[in-house]
Amino acid sequence: MSWIFKRMKQFFRALTANLSQDDNRYIAAHLNDAEQKIFFAMSIVDQCHSLNVAYSIERLVIEDKQGIDREFLIRCALLHDVGRVEGDMSIPQKIFAVLAMTFAPSFANRLELNGNHAIYIYRHHAEIGGRKLQQIGLFKEAKIIARHHSPISPDDPKELKLLRIADEEN
């Protein structure tokens with residue numbers, strides 16, 4: 001899928017973001033109360049995105065034969081964007097951050113250095129989320145989530161690779 005088509009799909013999903021009762025049951029089945037608290041602190045757009053990433057994980061990890069802890073990876077998918085909370089950035093701010101980081105990274109760097117909150121959150125939400133997860137005792141999840149936007153390394157764990165694939169699909 002081309003980059004522009006993928007981004008257009010994300011934009012339309014953002015405009016129609018909504019959780020169903022089935023989605024809420026799925027979240028409750030995979031996250032405890034503390035995890036749900038930080039999940040529901042995200043914007044509805046990020047909640048829906050994270051849920052779609054988890055559904056992609058379900059498809060990618062059919063059986064545990066791959067040596068993957070499926071529940072762990074679903075939890076990572078649901079929590080991978082908790083570094084962004086409701087109010088951090090509006091849809092137009094997120095669009096601006098994506099475009100600036102993609103097409104004018106040096107301009108985005110200057111904006112971030114001058115205190116642009118949306119660019120800062122867009123760029124650092126993985127590390128911020130990792131710190132939040134450490135605060136509630138999810139150290140293993142924090143290691144994966146803090147690196148989900150880091151450059152790819154040959155020694156990346158399988159779980160991180162799968163999380164990146166599922167995130168990229170959504």
# chains A, B, ... in the order shown; residues from 1 in each chain; ligands from 1
call {"tool": "residues_around", "arguments": {"residues": "Val61 of chain A", "least_positions_apart": "3", "cutoff": "12 Å", "atoms": "only C-alpha atoms", "output": "JSON, numbers by chain"}}
result
{"A": [54, 55, 56, 57, 58, 64, 65, 66, 67, 68, 69, 70, 71, 72, 73, 74, 158, 159, 161, 162, 163, 165, 166]}
call {"tool": "residues_around", "arguments": {"residues": "His148 of chain A", "least_positions_apart": "6", "cutoff": "12 Å", "atoms": "only C-alpha atoms", "output": "list in words"}}
result
Cys76, Ala77, Leu79, His80, Asp81, Gly83, Arg123, His124, His125, Ala126, Glu127, Ile128, Gly129, Gly130, Glu141, Ala142, Asp156, Pro157, Lys158, Glu159, Leu160, Lys161, Leu162, Leu163, Arg164, Ile165, Ala166, Asp167 and Glu168 of chain A
call {"tool": "atom_distance", "arguments": {"atom1": "atom CA of Gln10 of chain A", "atom2": "atom CA of Leu31 of chain A"}}
result
24.4 Å
call {"tool": "residues_around", "arguments": {"residues": "Asn24 of chain A", "least_positions_apart": "4", "cutoff": "12 Å", "atoms": "only C-alpha atoms", "output": "ChimeraX atom specification"}}
result
/A:18-20,28-31,36,39-40,47-48,51,78
call {"tool": "write_last_selection", "arguments": {"atoms": "C-alpha atoms", "output": "mmCIF file, in the first residue's frame"}}
result
data_model
loop_
_atom_site.group_PDB
_atom_site.id
_atom_site.type_symbol
_atom_site.label_atom_id
_atom_site.label_comp_id
_atom_site.auth_asym_id
_atom_site.auth_seq_id
_atom_site.Cartn_x
_atom_site.Cartn_y
_atom_site.Cartn_z
ATOM 1 C CA ASN A 18 -15.386 4.483 17.932
ATOM 2 C CA LEU A 19 -15.179 1.452 20.211
ATOM 3 C CA SER A 20 -17.909 -1.171 20.135
ATOM 4 C CA ALA A 28 -11.027 -5.954 29.317
ATOM 5 C CA ALA A 29 -10.030 -9.540 28.489
ATOM 6 C CA HIS A 30 -6.426 -8.554 27.737
ATOM 7 C CA LEU A 31 -5.673 -5.631 30.080
ATOM 8 C CA GLN A 36 -6.889 -0.153 31.108
ATOM 9 C CA PHE A 39 -5.131 2.671 27.657
ATOM 10 C CA PHE A 40 -8.271 4.763 28.127
ATOM 11 C CA GLN A 47 -7.394 3.571 21.263
ATOM 12 C CA CYS A 48 -8.936 2.395 17.978
ATOM 13 C CA LEU A 51 -7.012 -2.101 18.998
ATOM 14 C CA LEU A 78 -2.919 -2.438 22.951
#
call {"tool": "select_by_dssp", "arguments": {"residues": "segment 30-89 of chain A", "states": "helix (DSSP H, G or I)", "output": "ChimeraX atom specification"}}
result
/A:30,33-39,44-60,64-66,70-79
call {"tool": "write_last_selection", "arguments": {"atoms": "N, CA and C atoms", "output": "CSV table (one decimal), in the first residue's frame"}}
result
chain,number,residue,atom,x,y,z
A,30,HIS,N,-7.9,-8.5,27.9
A,30,HIS,CA,-6.4,-8.6,27.7
A,30,HIS,C,-5.7,-7.6,28.6
A,33,ASP,N,-6.8,-3.7,35.3
A,33,ASP,CA,-7.4,-2.3,35.6
A,33,ASP,C,-6.3,-1.2,35.4
A,34,ALA,N,-5.1,-1.4,35.9
A,34,ALA,CA,-4.1,-0.4,35.8
A,34,ALA,C,-3.7,-0.2,34.3
A,35,GLU,N,-3.7,-1.3,33.5
A,35,GLU,CA,-3.4,-1.2,32.1
A,35,GLU,C,-4.5,-0.5,31.4
A,36,GLN,N,-5.7,-0.8,31.7
A,36,GLN,CA,-6.9,-0.2,31.1
A,36,GLN,C,-6.9,1.3,31.4
A,37,LYS,N,-6.5,1.7,32.6
A,37,LYS,CA,-6.5,3.1,32.9
A,37,LYS,C,-5.6,3.9,32.0
A,38,ILE,N,-4.4,3.4,31.7
A,38,ILE,CA,-3.5,4.2,30.8
A,38,ILE,C,-4.0,4.0,29.3
A,39,PHE,N,-4.6,2.9,29.0
A,39,PHE,CA,-5.1,2.7,27.7
A,39,PHE,C,-6.2,3.7,27.4
A,44,ILE,N,-9.5,8.6,21.6
A,44,ILE,CA,-10.3,7.5,21.0
A,44,ILE,C,-9.6,7.1,19.7
A,45,VAL,N,-9.0,8.0,19.0
A,45,VAL,CA,-8.3,7.7,17.8
A,45,VAL,C,-7.1,6.7,18.0
A,46,ASP,N,-6.3,7.0,19.1
A,46,ASP,CA,-5.2,6.1,19.4
A,46,ASP,C,-5.7,4.8,20.0
A,47,GLN,N,-6.8,4.8,20.7
A,47,GLN,CA,-7.4,3.6,21.3
A,47,GLN,C,-7.8,2.6,20.1
A,48,CYS,N,-8.5,3.2,19.1
A,48,CYS,CA,-8.9,2.4,18.0
A,48,CYS,C,-7.7,1.9,17.2
A,49,HIS,N,-6.8,2.8,17.0
A,49,HIS,CA,-5.5,2.3,16.3
A,49,HIS,C,-4.9,1.2,17.0
A,50,SER,N,-4.7,1.3,18.3
A,50,SER,CA,-4.1,0.3,19.1
A,50,SER,C,-4.8,-1.0,19.1
A,51,LEU,N,-6.2,-0.9,19.1
A,51,LEU,CA,-7.0,-2.1,19.0
A,51,LEU,C,-6.8,-2.8,17.6
A,52,ASN,N,-6.8,-2.0,16.6
A,52,ASN,CA,-6.5,-2.6,15.2
A,52,ASN,C,-5.2,-3.2,15.1
A,53,VAL,N,-4.2,-2.7,15.8
A,53,VAL,CA,-2.8,-3.3,15.9
A,53,VAL,C,-2.9,-4.7,16.6
A,54,ALA,N,-3.7,-4.7,17.7
A,54,ALA,CA,-3.9,-6.0,18.4
A,54,ALA,C,-4.6,-7.0,17.5
A,55,TYR,N,-5.6,-6.6,16.8
A,55,TYR,CA,-6.3,-7.5,15.9
A,55,TYR,C,-5.4,-8.0,14.8
A,56,SER,N,-4.5,-7.2,14.3
A,56,SER,CA,-3.5,-7.6,13.4
A,56,SER,C,-2.5,-8.6,14.0
A,57,ILE,N,-2.2,-8.4,15.2
A,57,ILE,CA,-1.3,-9.4,16.0
A,57,ILE,C,-2.0,-10.7,16.0
A,58,GLU,N,-3.3,-10.7,16.3
A,58,GLU,CA,-4.1,-12.0,16.4
A,58,GLU,C,-4.0,-12.7,15.0
A,59,ARG,N,-4.0,-12.0,13.9
A,59,ARG,CA,-3.8,-12.6,12.6
A,59,ARG,C,-2.4,-13.1,12.4
A,60,LEU,N,-1.4,-12.3,12.8
A,60,LEU,CA,0.0,-12.7,12.5
A,60,LEU,C,0.5,-13.8,13.4
A,64,ASP,N,1.1,-20.5,19.1
A,64,ASP,CA,2.2,-20.3,19.9
A,64,ASP,C,3.5,-21.1,19.4
A,65,LYS,N,3.3,-21.7,18.3
A,65,LYS,CA,4.5,-22.5,17.7
A,65,LYS,C,5.7,-21.7,17.3
A,66,GLN,N,5.4,-20.4,17.1
A,66,GLN,CA,6.5,-19.5,16.8
A,66,GLN,C,7.4,-19.1,18.0
A,70,ARG,N,1.7,-14.9,23.0
A,70,ARG,CA,0.6,-14.2,22.3
A,70,ARG,C,-0.1,-13.2,23.2
A,71,GLU,N,-0.3,-13.5,24.4
A,71,GLU,CA,-1.0,-12.6,25.3
A,71,GLU,C,-0.1,-11.4,25.6
A,72,PHE,N,1.2,-11.6,25.7
A,72,PHE,CA,2.2,-10.5,25.9
A,72,PHE,C,2.1,-9.6,24.7
A,73,LEU,N,2.2,-10.2,23.5
A,73,LEU,CA,2.2,-9.4,22.3
A,73,LEU,C,0.9,-8.6,22.1
A,74,ILE,N,-0.2,-9.2,22.4
A,74,ILE,CA,-1.5,-8.5,22.4
A,74,ILE,C,-1.5,-7.3,23.3
A,75,ARG,N,-1.0,-7.5,24.6
A,75,ARG,CA,-0.9,-6.4,25.5
A,75,ARG,C,0.0,-5.3,25.0
A,76,CYS,N,1.1,-5.7,24.4
A,76,CYS,CA,2.0,-4.7,23.8
A,76,CYS,C,1.3,-3.9,22.7
A,77,ALA,N,0.6,-4.6,21.9
A,77,ALA,CA,-0.2,-3.9,20.8
A,77,ALA,C,-1.2,-2.9,21.4
A,78,LEU,N,-1.9,-3.3,22.4
A,78,LEU,CA,-2.9,-2.4,23.0
A,78,LEU,C,-2.3,-1.2,23.6
A,79,LEU,N,-1.1,-1.4,24.2
A,79,LEU,CA,-0.4,-0.3,24.9
A,79,LEU,C,0.7,0.4,24.2
call {"tool": "residues_around", "arguments": {"residues": "segment 94-107 of chain A", "least_positions_apart": "5", "cutoff": "8 Å", "atoms": "only C-alpha atoms", "output": "ChimeraX atom specification"}}
result
/A:89,118-119,122
call {"tool": "write_last_selection", "arguments": {"atoms": "N, CA and C atoms", "output": "PDB file, in the first residue's frame"}}
result
ATOM      1  N   MET A  89      -2.327  15.972  21.084  1.00  0.00           N
ATOM      2  CA  MET A  89      -2.333  16.525  19.728  1.00  0.00           C
ATOM      3  C   MET A  89      -3.668  16.239  19.068  1.00  0.00           C
ATOM      4  N   ALA A 118       3.408  18.925  19.821  1.00  0.00           N
ATOM      5  CA  ALA A 118       2.927  17.851  18.940  1.00  0.00           C
ATOM      6  C   ALA A 118       4.095  17.096  18.306  1.00  0.00           C
ATOM      7  N   ILE A 119       5.089  17.815  17.826  1.00  0.00           N
ATOM      8  CA  ILE A 119       6.260  17.163  17.226  1.00  0.00           C
ATOM      9  C   ILE A 119       7.004  16.358  18.294  1.00  0.00           C
ATOM     10  N   TYR A 122       4.945  13.239  19.057  1.00  0.00           N
ATOM     11  CA  TYR A 122       4.989  12.335  17.901  1.00  0.00           C
ATOM     12  C   TYR A 122       6.326  11.599  17.860  1.00  0.00           C
TER      13      TYR A 122
END
